[in-house]
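**Student:** For reference, the file query24.txt (compact mmCIF, C-alpha atoms) is included below:
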# COMPACT_ATOMS: atom_id res chain seq x y z
CA MET A 282 -14.77 8.07 1.14
CA PHE A 283 -11.28 7.00 0.00
CA ASP A 284 -10.20 10.30 -1.58
CA GLY A 285 -10.61 12.84 1.23
CA ASP A 286 -7.66 14.82 2.56
CA GLY A 287 -6.02 13.24 5.57
CA MET A 288 -7.08 14.65 8.93
CA LEU A 289 -5.51 13.52 12.19
CA HIS A 290 -7.35 13.46 15.52
CA ALA A 291 -5.22 13.12 18.64
CA VAL A 292 -6.00 12.78 22.33
CA THR A 293 -2.89 13.50 24.38
CA VAL A 294 -3.05 12.26 27.96
CA SER A 295 -0.55 13.73 30.42
CA GLY A 296 -0.67 14.42 34.13
CA GLY A 297 -4.23 13.21 34.40
CA ARG A 298 -5.48 15.65 31.74
CA ALA A 299 -6.55 15.04 28.15
CA THR A 300 -5.93 17.43 25.24
CA PHE A 301 -7.77 16.99 21.94
CA CYS A 302 -6.55 18.27 18.58
CA SER A 303 -7.69 17.88 14.95
CA ARG A 304 -5.51 18.95 12.04
CA PHE A 305 -5.34 18.30 8.33
CA VAL A 306 -2.11 16.73 7.11
CA LYS A 307 -0.54 19.57 5.14
CA THR A 308 0.33 17.55 2.06
CA TYR A 309 1.40 19.11 -1.21
CA LYS A 310 -2.08 18.27 -2.55
CA TYR A 311 -3.84 19.92 0.40
CA ASN A 312 -1.73 23.11 0.28
CA LEU A 313 -1.97 23.40 -3.51
CA GLU A 314 -5.74 22.99 -3.69
CA LYS A 315 -6.25 25.33 -0.74
CA GLU A 316 -4.19 27.99 -2.50
CA VAL A 317 -5.93 27.51 -5.86
CA GLY A 318 -9.35 27.26 -4.24
CA SER A 319 -10.49 24.17 -6.14
CA PRO A 320 -9.52 20.52 -6.76
CA VAL A 321 -6.47 20.10 -9.02
CA ILE A 322 -5.05 16.62 -8.48
CA LEU A 323 -6.96 13.61 -9.78
CA ASN A 324 -8.78 11.48 -7.22
CA VAL A 325 -8.58 7.77 -8.04
CA PHE A 326 -12.05 6.84 -6.79
CA SER A 327 -14.20 9.91 -7.42
CA ALA A 328 -12.64 11.53 -10.50
CA PHE A 329 -13.53 8.83 -13.02
CA ASN A 330 -17.32 8.70 -12.91
CA GLY A 331 -18.15 8.40 -16.59
CA LEU A 332 -16.35 9.76 -19.65
CA PRO A 333 -17.38 13.45 -19.29
CA ALA A 334 -16.19 13.57 -15.67
CA SER A 335 -12.95 11.80 -16.54
CA LEU A 336 -12.21 14.21 -19.39
CA ALA A 337 -13.00 17.20 -17.18
CA TRP A 338 -10.70 16.02 -14.39
CA CYS A 339 -7.87 15.19 -16.78
CA SER A 340 -8.24 18.59 -18.47
CA VAL A 341 -8.05 20.42 -15.15
CA ALA A 342 -4.96 18.45 -14.08
CA PHE A 343 -3.24 18.95 -17.45
CA ALA A 344 -4.01 22.67 -17.52
CA SER A 345 -2.67 23.07 -13.99
CA PHE A 346 0.51 21.31 -15.05
CA LEU A 347 0.95 23.55 -18.12
CA LEU A 348 0.37 26.66 -16.00
CA ARG A 349 2.96 25.35 -13.56
CA GLN A 350 0.44 25.31 -10.74
CA TYR A 351 1.00 21.61 -10.28
CA ASP A 352 4.29 19.70 -10.03
CA PRO A 353 3.62 15.91 -9.90
CA ARG A 354 7.15 15.31 -8.61
CA ARG A 355 6.02 16.74 -5.27
CA GLY A 356 3.40 14.05 -4.76
CA VAL A 357 -0.29 13.42 -5.33
CA GLY A 358 -1.35 11.66 -2.12
CA ALA A 359 -3.70 12.71 0.66
CA ALA A 360 -1.93 10.90 3.55
CA ASN A 361 -5.37 9.77 4.69
CA THR A 362 -5.02 6.06 5.47
CA SER A 363 -2.85 5.23 8.47
CA LEU A 364 -0.04 6.23 10.80
CA ALA A 365 3.27 4.54 11.59
CA LEU A 366 6.25 5.02 13.87
CA ILE A 367 9.49 4.53 11.94
CA SER A 368 12.79 4.97 13.79
CA GLY A 369 10.94 6.87 16.49
CA LYS A 370 9.32 9.34 14.10
CA LEU A 371 5.60 9.57 13.32
CA PHE A 372 4.36 9.41 9.73
CA ALA A 373 0.97 9.87 8.06
CA LEU A 374 0.59 7.41 5.20
CA GLY A 375 -1.35 6.92 1.99
CA GLU A 376 -0.25 4.38 -0.60
CA SER A 377 -0.41 6.80 -3.54
CA ASP A 378 2.50 8.85 -2.19
CA LEU A 379 5.50 8.85 0.12
CA PRO A 380 4.89 9.25 3.88
CA TYR A 381 4.49 12.66 5.49
CA ARG A 382 6.26 13.24 8.76
CA VAL A 383 4.09 14.75 11.50
CA GLU A 384 4.73 15.66 15.12
CA ILE A 385 2.57 15.91 18.21
CA ARG A 386 3.89 18.85 20.18
CA ALA A 387 4.06 19.11 23.97
CA ASP A 388 0.84 21.14 24.03
CA GLY A 389 -0.99 18.44 22.02
CA ASP A 390 -0.94 20.30 18.71
CA ILE A 391 -0.31 18.34 15.48
CA VAL A 392 2.24 19.77 13.04
CA THR A 393 3.09 18.52 9.54
CA ILE A 394 6.86 18.51 9.02
CA GLY A 395 6.75 17.50 5.36
CA ARG A 396 6.99 14.80 2.71
CA HIS A 397 9.72 12.30 3.60
CA GLU A 398 11.64 11.74 0.37
CA ALA A 399 14.37 9.77 2.14
CA PHE A 400 12.10 6.73 1.64
CA GLY A 401 12.04 7.08 -2.15
CA GLU A 402 12.51 9.25 -5.21
CA PRO A 403 10.01 12.03 -6.03
CA TYR A 404 7.59 9.92 -8.09
CA MET A 405 7.70 6.93 -5.73
CA THR A 406 5.11 5.72 -3.25
CA MET A 407 4.96 3.54 -0.14
CA THR A 408 2.29 1.35 1.39
CA ALA A 409 0.14 2.64 4.23
CA HIS A 410 0.78 -0.61 6.14
CA PRO A 411 4.50 -1.04 6.92
CA LYS A 412 5.44 -3.68 9.53
CA MET A 413 7.92 -3.13 12.35
CA ASP A 414 9.86 -5.97 13.94
CA ALA A 415 9.74 -5.09 17.64
CA GLU A 416 12.96 -7.01 18.32
CA THR A 417 15.15 -5.35 15.68
CA SER A 418 13.21 -2.07 15.14
CA GLU A 419 13.50 -2.71 11.39
CA VAL A 420 10.52 -1.68 9.30
CA PHE A 421 9.53 -3.81 6.30
CA THR A 422 7.47 -2.16 3.63
CA PHE A 423 6.71 -2.03 -0.11
CA ARG A 424 5.35 0.06 -2.92
CA HIS A 425 3.23 -0.91 -5.89
CA SER A 426 3.14 0.69 -9.31
CA ILE A 427 0.99 0.85 -12.44
CA LYS A 428 4.01 -0.20 -14.51
CA ALA A 429 6.51 -3.04 -14.13
CA PRO A 430 7.85 -3.90 -11.67
CA TYR A 431 4.38 -3.73 -10.18
CA LEU A 432 5.63 -4.45 -6.66
CA SER A 433 8.90 -3.62 -4.88
CA PHE A 434 9.84 -4.81 -1.39
CA PHE A 435 12.30 -3.04 0.89
CA ARG A 436 13.18 -2.43 4.51
CA ILE A 437 14.13 0.58 6.59
CA ASN A 438 16.76 -0.09 9.24
CA ALA A 439 16.54 0.94 12.89
CA GLU A 440 18.27 4.24 12.08
CA GLY A 441 15.60 5.12 9.51
CA ILE A 442 17.76 4.50 6.44
CA LYS A 443 16.07 2.87 3.45
CA GLN A 444 17.78 -0.29 2.16
CA PRO A 445 17.90 -1.45 -1.50
CA GLU A 446 14.60 -2.41 -3.10
CA ILE A 447 13.77 -5.88 -4.39
CA PRO A 448 11.62 -5.59 -7.55
CA ILE A 449 9.05 -8.42 -7.64
CA ALA A 450 9.07 -9.36 -11.33
CA SER A 451 6.93 -12.47 -10.73
CA LEU A 452 3.86 -10.26 -10.23
CA ASN A 453 2.76 -10.00 -13.84
CA GLU A 454 0.05 -7.34 -13.54
CA ALA A 455 -0.79 -4.37 -11.37
CA SER A 456 -2.92 -5.52 -8.43
CA LEU A 457 -4.19 -3.56 -5.45
CA VAL A 458 -1.73 -4.88 -2.87
CA HIS A 459 -2.97 -2.84 0.09
CA ASP A 460 -1.38 -4.76 2.96
CA PHE A 461 1.03 -7.62 3.67
CA ALA A 462 2.44 -9.59 6.59
CA ILE A 463 5.82 -10.60 7.96
CA THR A 464 7.08 -13.55 9.99
CA ARG A 465 10.49 -13.99 11.58
CA ASN A 466 11.95 -15.05 8.22
CA TYR A 467 9.41 -14.23 5.49
CA ALA A 468 7.26 -11.52 3.96
CA VAL A 469 3.85 -12.58 2.61
CA PHE A 470 2.09 -10.60 -0.14
CA PRO A 471 -1.43 -10.99 -1.56
CA ASP A 472 -2.26 -10.92 -5.26
CA PRO A 473 -6.03 -10.26 -5.15
CA GLN A 474 -8.72 -10.03 -7.80
CA ILE A 475 -8.66 -6.24 -7.47
CA VAL A 476 -6.56 -5.04 -10.41
CA ILE A 477 -5.29 -1.69 -11.66
CA LYS A 478 -5.88 -0.87 -15.32
CA PRO A 479 -4.97 2.75 -16.16
CA ALA A 480 -6.24 2.29 -19.73
CA GLU A 481 -9.79 2.23 -18.35
CA ILE A 482 -9.52 5.98 -17.76
CA VAL A 483 -9.94 6.68 -21.49
CA ARG A 484 -13.28 4.86 -21.31
CA GLY A 485 -14.41 7.04 -18.43
CA GLN A 486 -13.99 4.24 -15.91
CA ALA A 487 -11.99 4.11 -12.69
CA PRO A 488 -8.54 2.53 -13.07
CA LEU A 489 -9.41 0.04 -10.32
CA GLY A 490 -11.49 -2.98 -11.28
CA ILE A 491 -12.26 -6.62 -10.53
CA ASP A 492 -10.92 -9.59 -12.49
CA ALA A 493 -13.48 -12.27 -11.58
CA ALA A 494 -11.60 -14.94 -13.56
CA LYS A 495 -8.38 -14.44 -11.63
CA VAL A 496 -7.39 -16.89 -8.87
CA PRO A 497 -6.07 -14.97 -5.83
CA ARG A 498 -2.57 -15.89 -4.65
CA LEU A 499 -0.16 -15.40 -1.79
CA GLY A 500 3.51 -14.75 -2.50
CA ILE A 501 6.25 -15.63 -0.02
CA VAL A 502 9.78 -14.26 -0.03
CA ARG A 503 12.53 -14.25 2.57
CA ARG A 504 12.89 -10.98 4.45
CA CYS A 505 16.62 -11.02 3.70
CA ALA A 506 16.23 -11.95 0.01
CA GLU A 507 18.45 -10.15 -2.47
CA SER A 508 16.22 -10.80 -5.49
CA ASP A 509 12.71 -12.00 -6.28
CA GLY A 510 14.20 -15.25 -7.56
CA GLU A 511 13.58 -16.49 -4.03
CA MET A 512 9.86 -15.68 -4.20
CA TRP A 513 7.17 -18.29 -4.77
CA TRP A 514 3.39 -18.10 -5.09
CA VAL A 515 0.51 -20.34 -4.02
CA ASP A 516 -3.09 -20.18 -5.23
CA VAL A 517 -5.67 -19.49 -2.52
CA PRO A 518 -9.03 -19.53 -4.36
CA GLY A 519 -11.61 -17.11 -3.00
CA PHE A 520 -9.15 -15.37 -0.67
CA ASN A 521 -8.97 -11.62 -1.29
CA MET A 522 -6.93 -10.26 1.58
CA MET A 523 -7.45 -6.59 2.26
CA HIS A 524 -5.95 -6.29 5.75
CA ALA A 525 -3.43 -8.65 7.31
CA VAL A 526 -3.77 -9.26 11.05
CA ASN A 527 -0.51 -11.13 11.66
CA ALA A 528 1.66 -14.01 10.44
CA TRP A 529 4.17 -16.39 11.98
CA GLU A 530 5.96 -19.70 11.46
CA GLU A 531 5.17 -23.10 12.96
CA ASP A 532 6.54 -26.66 12.70
CA GLY A 533 10.14 -25.52 12.84
CA GLY A 534 9.60 -23.08 9.99
CA ASP A 535 7.90 -25.57 7.68
CA THR A 536 4.51 -23.83 7.98
CA VAL A 537 3.66 -20.17 7.49
CA VAL A 538 0.40 -19.08 9.15
CA VAL A 539 -1.40 -15.94 7.98
CA VAL A 540 -4.42 -14.45 9.75
CA ALA A 541 -6.28 -11.86 7.69
CA SER A 542 -9.64 -10.46 6.66
CA ASN A 543 -11.16 -11.90 3.48
CA VAL A 544 -13.53 -9.54 1.65
CA GLN A 545 -16.63 -11.00 0.01
CA PRO A 546 -18.10 -10.37 -2.47
CA VAL A 547 -15.04 -8.67 -3.90
CA GLU A 548 -17.15 -7.05 -6.65
CA HIS A 549 -18.48 -4.47 -4.17
CA VAL A 550 -15.20 -3.48 -2.51
CA LEU A 551 -14.78 -0.41 -4.71
CA ASP A 552 -18.35 0.90 -4.90
CA ARG A 553 -20.63 -0.52 -2.16
CA VAL A 554 -18.61 -1.13 0.98
CA ASP A 555 -21.86 -1.57 2.89
CA LEU A 556 -22.49 -4.79 0.93
CA VAL A 557 -19.05 -6.26 1.69
CA HIS A 558 -18.64 -8.95 4.35
CA SER A 559 -15.14 -9.35 5.78
CA SER A 560 -14.54 -12.71 7.39
CA MET A 561 -11.55 -13.45 9.62
CA VAL A 562 -9.60 -16.45 8.33
CA ARG A 563 -6.45 -18.43 9.08
CA VAL A 564 -4.38 -19.63 6.10
CA GLU A 565 -1.67 -22.26 6.62
CA ILE A 566 0.98 -22.69 3.91
CA ASN A 567 3.33 -25.66 3.92
CA VAL A 568 6.72 -24.33 2.85
CA ARG A 569 7.94 -27.77 1.72
CA ASP A 570 5.11 -28.98 -0.51
CA GLU A 571 3.33 -25.60 -1.02
CA SER A 572 -0.02 -27.03 0.09
CA VAL A 573 -2.58 -24.63 1.55
CA ARG A 574 -5.21 -25.02 4.25
CA ARG A 575 -7.78 -22.35 5.14
CA ARG A 576 -10.33 -22.07 7.94
CA GLY A 577 -12.49 -19.39 9.53
CA VAL A 578 -11.62 -18.17 13.00
CA ALA A 579 -14.61 -15.96 13.84
CA ALA A 580 -18.17 -15.34 12.75
CA GLY A 581 -19.41 -11.91 11.78
CA ASN A 582 -18.43 -9.03 9.54
CA LEU A 583 -14.99 -8.22 10.97
CA ASP A 584 -12.16 -5.99 9.79
CA PHE A 585 -9.72 -3.36 11.08
CA ALA A 586 -8.19 -5.96 13.37
CA VAL A 587 -5.27 -5.22 15.69
CA ILE A 588 -2.95 -7.12 18.00
CA ASN A 589 -0.41 -6.34 20.70
CA PRO A 590 2.27 -4.74 18.45
CA ALA A 591 5.04 -6.58 20.29
CA TYR A 592 3.83 -9.76 18.55
CA VAL A 593 4.05 -8.60 14.92
CA GLY A 594 5.64 -11.45 12.96
CA LYS A 595 5.47 -13.80 15.95
CA LYS A 596 2.81 -16.24 17.07
CA ASN A 597 0.14 -14.34 18.96
CA ARG A 598 -2.99 -15.44 20.74
CA TYR A 599 -5.36 -12.48 20.78
CA VAL A 600 -6.91 -10.36 18.05
CA TYR A 601 -9.27 -7.39 18.47
CA ALA A 602 -11.47 -6.67 15.46
CA ALA A 603 -14.10 -4.09 14.55
CA ILE A 604 -17.66 -5.26 13.82
CA GLY A 605 -19.15 -3.87 10.60
CA ALA A 606 -22.60 -2.38 11.12
CA PRO A 607 -22.24 -2.59 8.10
CA MET A 608 -18.93 -1.07 7.01
CA PRO A 609 -17.82 1.67 6.95
CA LYS A 610 -19.70 2.07 10.21
CA ILE A 611 -18.40 0.07 13.16
CA GLY A 612 -20.93 -1.13 15.72
CA GLY A 613 -18.65 -2.82 18.25
CA VAL A 614 -15.49 -4.81 18.81
CA VAL A 615 -14.68 -8.48 19.45
CA LYS A 616 -11.77 -10.29 21.04
CA ILE A 617 -10.62 -13.47 19.27
CA ASP A 618 -8.52 -16.23 20.85
CA LEU A 619 -6.45 -17.77 18.05
CA SER A 620 -5.35 -20.66 20.26
CA LEU A 621 -8.84 -22.05 19.61
CA SER A 622 -8.39 -21.90 15.83
CA THR A 623 -6.47 -25.18 15.79
CA LYS A 624 -9.38 -27.04 17.35
CA ASP A 625 -11.91 -26.65 14.52
CA SER A 626 -14.10 -24.62 16.85
CA GLY A 627 -15.45 -22.44 14.03
CA ASP A 628 -15.79 -19.28 16.10
CA CYS A 629 -12.90 -18.24 18.35
CA THR A 630 -14.61 -15.13 19.73
CA VAL A 631 -14.16 -14.92 23.52
CA ALA A 632 -15.38 -11.38 24.27
CA ARG A 633 -17.34 -8.63 22.58
CA ARG A 634 -18.65 -5.14 23.20
CA ILE A 635 -21.59 -3.87 21.17
CA TYR A 636 -21.98 -0.11 21.19
CA ALA A 637 -25.32 1.50 22.08
CA PRO A 638 -27.88 2.00 19.27
CA GLY A 639 -26.82 4.86 17.04
CA CYS A 640 -23.24 4.77 18.31
CA TYR A 641 -20.41 3.88 15.95
CA GLY A 642 -16.68 3.69 16.48
CA GLY A 643 -13.37 3.72 14.69
CA GLU A 644 -10.63 1.14 14.43
CA PRO A 645 -9.63 -0.12 17.90
CA PHE A 646 -6.00 0.03 18.94
CA PHE A 647 -4.24 -2.05 21.59
CA VAL A 648 -2.06 -0.26 24.15
CA ALA A 649 0.03 -2.39 26.50
CA LYS A 650 -0.04 -1.41 30.18
CA GLU A 651 3.73 -1.06 29.92
CA PRO A 652 4.19 0.68 26.54
CA ASP A 653 7.98 0.76 26.93
CA ASN A 654 8.03 -3.02 27.39
CA PRO A 655 4.81 -4.41 25.84
CA ALA A 656 5.99 -8.04 25.99
CA ALA A 657 6.71 -7.90 29.73
CA ALA A 658 3.22 -8.94 30.85
CA ALA A 659 0.47 -11.17 29.48
CA GLU A 660 -0.28 -10.56 25.81
CA ASP A 661 -3.72 -9.08 26.50
CA ASP A 662 -2.70 -7.09 29.59
CA GLY A 663 -3.53 -3.65 28.31
CA TYR A 664 -6.17 -1.32 26.97
CA LEU A 665 -8.25 -1.08 23.83
CA VAL A 666 -8.84 2.51 22.73
CA THR A 667 -11.01 4.03 20.02
CA TYR A 668 -13.18 6.98 19.08
CA LEU A 669 -16.96 6.67 19.43
CA HIS A 670 -19.64 8.89 17.91
CA ASP A 671 -23.28 9.01 19.04
CA GLU A 672 -25.46 9.96 16.07
CA ASN A 673 -28.42 10.58 18.40
CA SER A 674 -26.75 13.22 20.58
CA GLU A 675 -24.07 14.22 18.02
CA GLU A 676 -21.42 13.68 20.71
CA SER A 677 -18.03 12.07 20.19
CA LYS A 678 -15.93 10.35 22.83
CA PHE A 679 -12.53 8.77 23.20
CA ILE A 680 -13.04 5.53 25.13
CA VAL A 681 -10.67 3.18 26.92
CA MET A 682 -11.60 -0.49 27.35
CA ASP A 683 -9.98 -3.15 29.52
CA ALA A 684 -8.57 -5.51 26.88
CA LYS A 685 -8.37 -8.38 29.35
CA SER A 686 -11.90 -8.19 30.76
CA PRO A 687 -14.60 -10.69 29.68
CA ASN A 688 -16.82 -7.92 28.29
CA LEU A 689 -14.17 -5.42 27.18
CA ASP A 690 -15.38 -3.09 29.91
CA VAL A 691 -15.17 0.67 29.31
CA ILE A 692 -13.02 2.01 32.15
CA ALA A 693 -12.56 5.61 30.98
CA ALA A 694 -14.07 8.04 28.49
CA VAL A 695 -13.22 11.55 27.34
CA LYS A 696 -16.03 13.68 25.92
CA LEU A 697 -14.67 15.54 22.90
CA PRO A 698 -15.52 19.13 21.88
CA GLY A 699 -16.38 18.15 18.31
CA ARG A 700 -17.22 15.23 16.07
CA VAL A 701 -14.53 12.81 14.99
CA PRO A 702 -15.53 11.56 11.51
CA TYR A 703 -15.48 7.83 10.83
CA GLY A 704 -12.01 7.08 9.51
CA PHE A 705 -9.47 4.38 8.84
CA HIS A 706 -6.44 3.48 10.98
CA GLY A 707 -4.88 4.83 14.17
CA ILE A 708 -1.85 4.44 16.41
CA PHE A 709 -0.64 4.88 19.98
CA VAL A 710 2.36 7.18 20.35
CA PRO A 711 4.34 6.90 23.62
CA HIS A 712 5.60 10.16 25.14
CA ASN A 713 9.23 9.09 24.85
CA THR A 714 9.35 9.05 21.03
CA ASN A 715 10.87 11.67 18.74
CA SER A 716 7.33 12.61 17.71
Translate this file's structure into structure tokens.

**Tutor:**
Amino acid sequence: MFDGDGMLHAVTVSGGRATFCSRFVKTYKYNLEKEVGSPVILNVFSAFNGLPASLAWCSVAFASFLLRQYDPRRGVGAANTSLALISGKLFALGESDLPYRVEIRADGDIVTIGRHEAFGEPYMTMTAHPKMDAETSEVFTFRHSIKAPYLSFFRINAEGIKQPEIPIASLNEASLVHDFAITRNYAVFPDPQIVIKPAEIVRGQAPLGIDAAKVPRLGIVRRCAESDGEMWWVDVPGFNMMHAVNAWEEDGGDTVVVVASNVQPVEHVLDRVDLVHSSMVRVEINVRDESVRRRGVAAGNLDFAVINPAYVGKKNRYVYAAIGAPMPKIGGVVKIDLSLSTKDSGDCTVARRIYAPGCYGGEPFFVAKEPDNPAAAAEDDGYLVTYLHDENSEESKFIVMDAKSPNLDVIAAVKLPGRVPYGFHGIFVPHNTNS
């Protein structure tokens, strides 16, 4: 499920009408394999299923390279994970490659513009989860590598120009750093028990594995740091962060608060997602004495959480999270009030919507009622949108929920002409962007 080619599904609403479009992201990988008529580029999760399969895949890739069918400098990624707006332009992202710029045309069609090498050199990559500061329009992001430095942090200014990278030398092995968080002054990175060991390929195993003896950590570095000498790490036993919800500072900057999903048991993350339980937790880190406090904020199997994007890096109150049924299927959505998480309440859920039997959705996304000024009204004054598929009738819908209502009421729905497969992350694109 992690290796498929990226496909975008867009509902464009204009003048009271909705237009639906589905298009593959025309990556180098997609175009090459379509032309050849068979898989060429190695898939991290599905290619290494025993020694014979690993040897076969490596032989195909090597032969394609020798025959000059395949140029690894042009990228290997599927752009299948998420979407981001960077300096007003829309990008499809996958962490094994650089972003691909895409556009939604006036008629609702989706067009791939191409691989955006302005964010890195040919062999480089970028995370699928960059963070934009709504006040400065700067985008903070990173890339990880199978060789040292295993992690590099950088920012892209409001004009879309990449700034110098900060290699994180204090990360002493390749870990699957999938997501991170920012506050007004800091960037926070996880160092989970999911590790990357390319040498496992020669044994016919996937290069991703679990180090059960490893103690997970969080690393904190100033956003404006000029070197990783300013970075420090704290142990957070049992905390394997896959997706960050948000982070901010409290107590005059002495405390960094991180809200994120914690995957358990981590041993099944790579092979049996249906057995994984993601709990929503709040981690408080004292900047002065480096002490750590952790507590749960909601019951249930919750992931793919979103907030009002105007509050990224700032203290927010509301979180909307998908309910695993189990994952990767999503059986509903909950609204969490983080203001209750300081009162030892245990479960801060204040609203929920459970989909009908046999109906499963995608990641929800929050859209402010005033997209051009999302901080103008109350934090939860907006809509929650997602795709919904009914496995009984084989119908798919795009639904709009009232994010402020006690039951997350569905206030609009668009019946779609075809199925929208269960996927990963989405985005809302205002009409007044360059995309």

**Student:** Find, counting all atoms listed in the file, the residue in A:Gly287, A:Pro380, A:Pro590, A:Pro702 that gets nearest to Ile367 in chain A.

**Tutor:** A:Pro380

**Student:** What does the distance from CA of Tyr404 in chain A to CA of Arg354 in chain A come to in Å, to one decimal?

**Tutor:**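 Spanning CA of Tyr404 in chain A to CA of Arg354 in chain A is a straight-line distance of 5.4 Å.
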
**Student:** By how many Å are CA of Asn453 in chain A and CA of Leu432 in chain A apart?

**Tutor:**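 The value is 9.5 Å.
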
**Student:** For the point (-14.8, 1.6, 31.5) in file coordinates, what residues are within 7 Å, counting all atoms listed in the file? Give the answer as a PDB file with C-alpha atoms, keeping the file's coordinate frame?

**Tutor:**
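Now in selection_27.pdb:
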ATOM      1  CA  VAL A 681     -10.670   3.180  26.920  1.00  0.00           C
ATOM      2  CA  MET A 682     -11.600  -0.490  27.350  1.00  0.00           C
ATOM      3  CA  ASP A 690     -15.380  -3.090  29.910  1.00  0.00           C
ATOM      4  CA  VAL A 691     -15.170   0.670  29.310  1.00  0.00           C
ATOM      5  CA  ILE A 692     -13.020   2.010  32.150  1.00  0.00           C
ATOM      6  CA  ALA A 693     -12.560   5.610  30.980  1.00  0.00           C
TER       7      ALA A 693
END

**Student:** CA of Leu669 in chain A and CA of Asp460 in chain A are how many Å apart?

**Tutor:**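 The value is 25.4 Å.
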
**Student:** Just want the 10 Å neighbourhood of Pro652 in chain A, counted on all atoms listed in the file, with same-chain residues fewer than 4 positions away dropped. Output as a ChimeraX atom specification.

**Tutor:** /A:590-591,648,656-657,663,709-713

**Student:** If you count all atoms listed in the file, which residues fall within 10 Å of Ile475 in chain A, apart from same-chain ones fewer than 6 positions away, as a PyMOL selection string?

**Tutor:** chain A and resi 455-458+489-493+495+497+521+523+547-548+550-551

**Student:** Pick out the residues sitting within 10 Å of Asp286 in chain A, and hand them over as a ChimeraX atom specification; count only C-alpha atoms, and ignore anything fewer than 3 positions along from it in its own chain.

**Tutor:** /A:282-283,289,305-308,310-311,358-362

**Student:** When you look at Gly356 in chain A with a cut-off of 7 Å (counting only C-alpha atoms), what residues show up, excluding the ones that are within fewer than 3 positions of it in the same chain? I need them as a CSV table (one decimal) with C-alpha atoms, in the coordinates of the input.

**Tutor:**
chain,number,residue,atom,x,y,z
A,309,TYR,CA,1.4,19.1,-1.2
A,353,PRO,CA,3.6,15.9,-9.9
A,378,ASP,CA,2.5,8.8,-2.2
A,404,TYR,CA,7.6,9.9,-8.1

**Student:** Is there a way to get, as a ChimeraX atom specification, all residues within 9 Å of the point (-27.4, -5.0, 7.9) in file coordinates, counting all atoms listed in the file?

**Tutor:** /A:555-556,605-607

**Student:** Please list as a PyMOL selection string every residue within 9 Å of Thr408 in chain A, counting all atoms listed in the file and excluding residues in the same chain fewer than 2 positions away.

**Tutor:** chain A and resi 374-380+406+410-411+422-425+458-460

**Student:** Restricting the calculation to all atoms listed in the file: of A:Lys596, A:Lys610, A:His558, A:His524, which residue gets closest to Thr536 in chain A?

**Tutor:** A:Lys596

**Student:** Check the smallest atom-to-atom distance from each of A:Arg575, A:Lys696, A:Arg498, A:Lys412 to Ser677 in chain A using all atoms listed in the file, then report the winner.

**Tutor:**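 Of A:Arg575, A:Lys696, A:Arg498, A:Lys412, the one nearest Ser677 in chain A is A:Lys696, counting all atoms listed in the file.
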
**Student:** Using all atoms listed in the file, which of the listed residues (A:Leu583, A:Met512, A:Ile394, A:Val593) sits closest to Asp414 in chain A?

**Tutor:**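 The answer is A:Val593, which sits nearest to Asp414 in chain A.
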
**Student:** Of the candidates A:Ala586, A:Ile449, A:Pro488, A:Val540, which shows the shortest atom-to-atom distance to Ile501 in chain A, using all atoms listed in the file?

**Tutor:**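 The shortest atom-to-atom distance to Ile501 in chain A comes from A:Ile449.
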
**Student:** Counting all atoms listed in the file, which of A:Glu416, A:Asp662, A:Asp683, A:Glu651 gets nearest to Arg634 in chain A?

**Tutor:**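 Of A:Glu416, A:Asp662, A:Asp683, A:Glu651, the one nearest Arg634 in chain A is A:Asp683, counting all atoms listed in the file.
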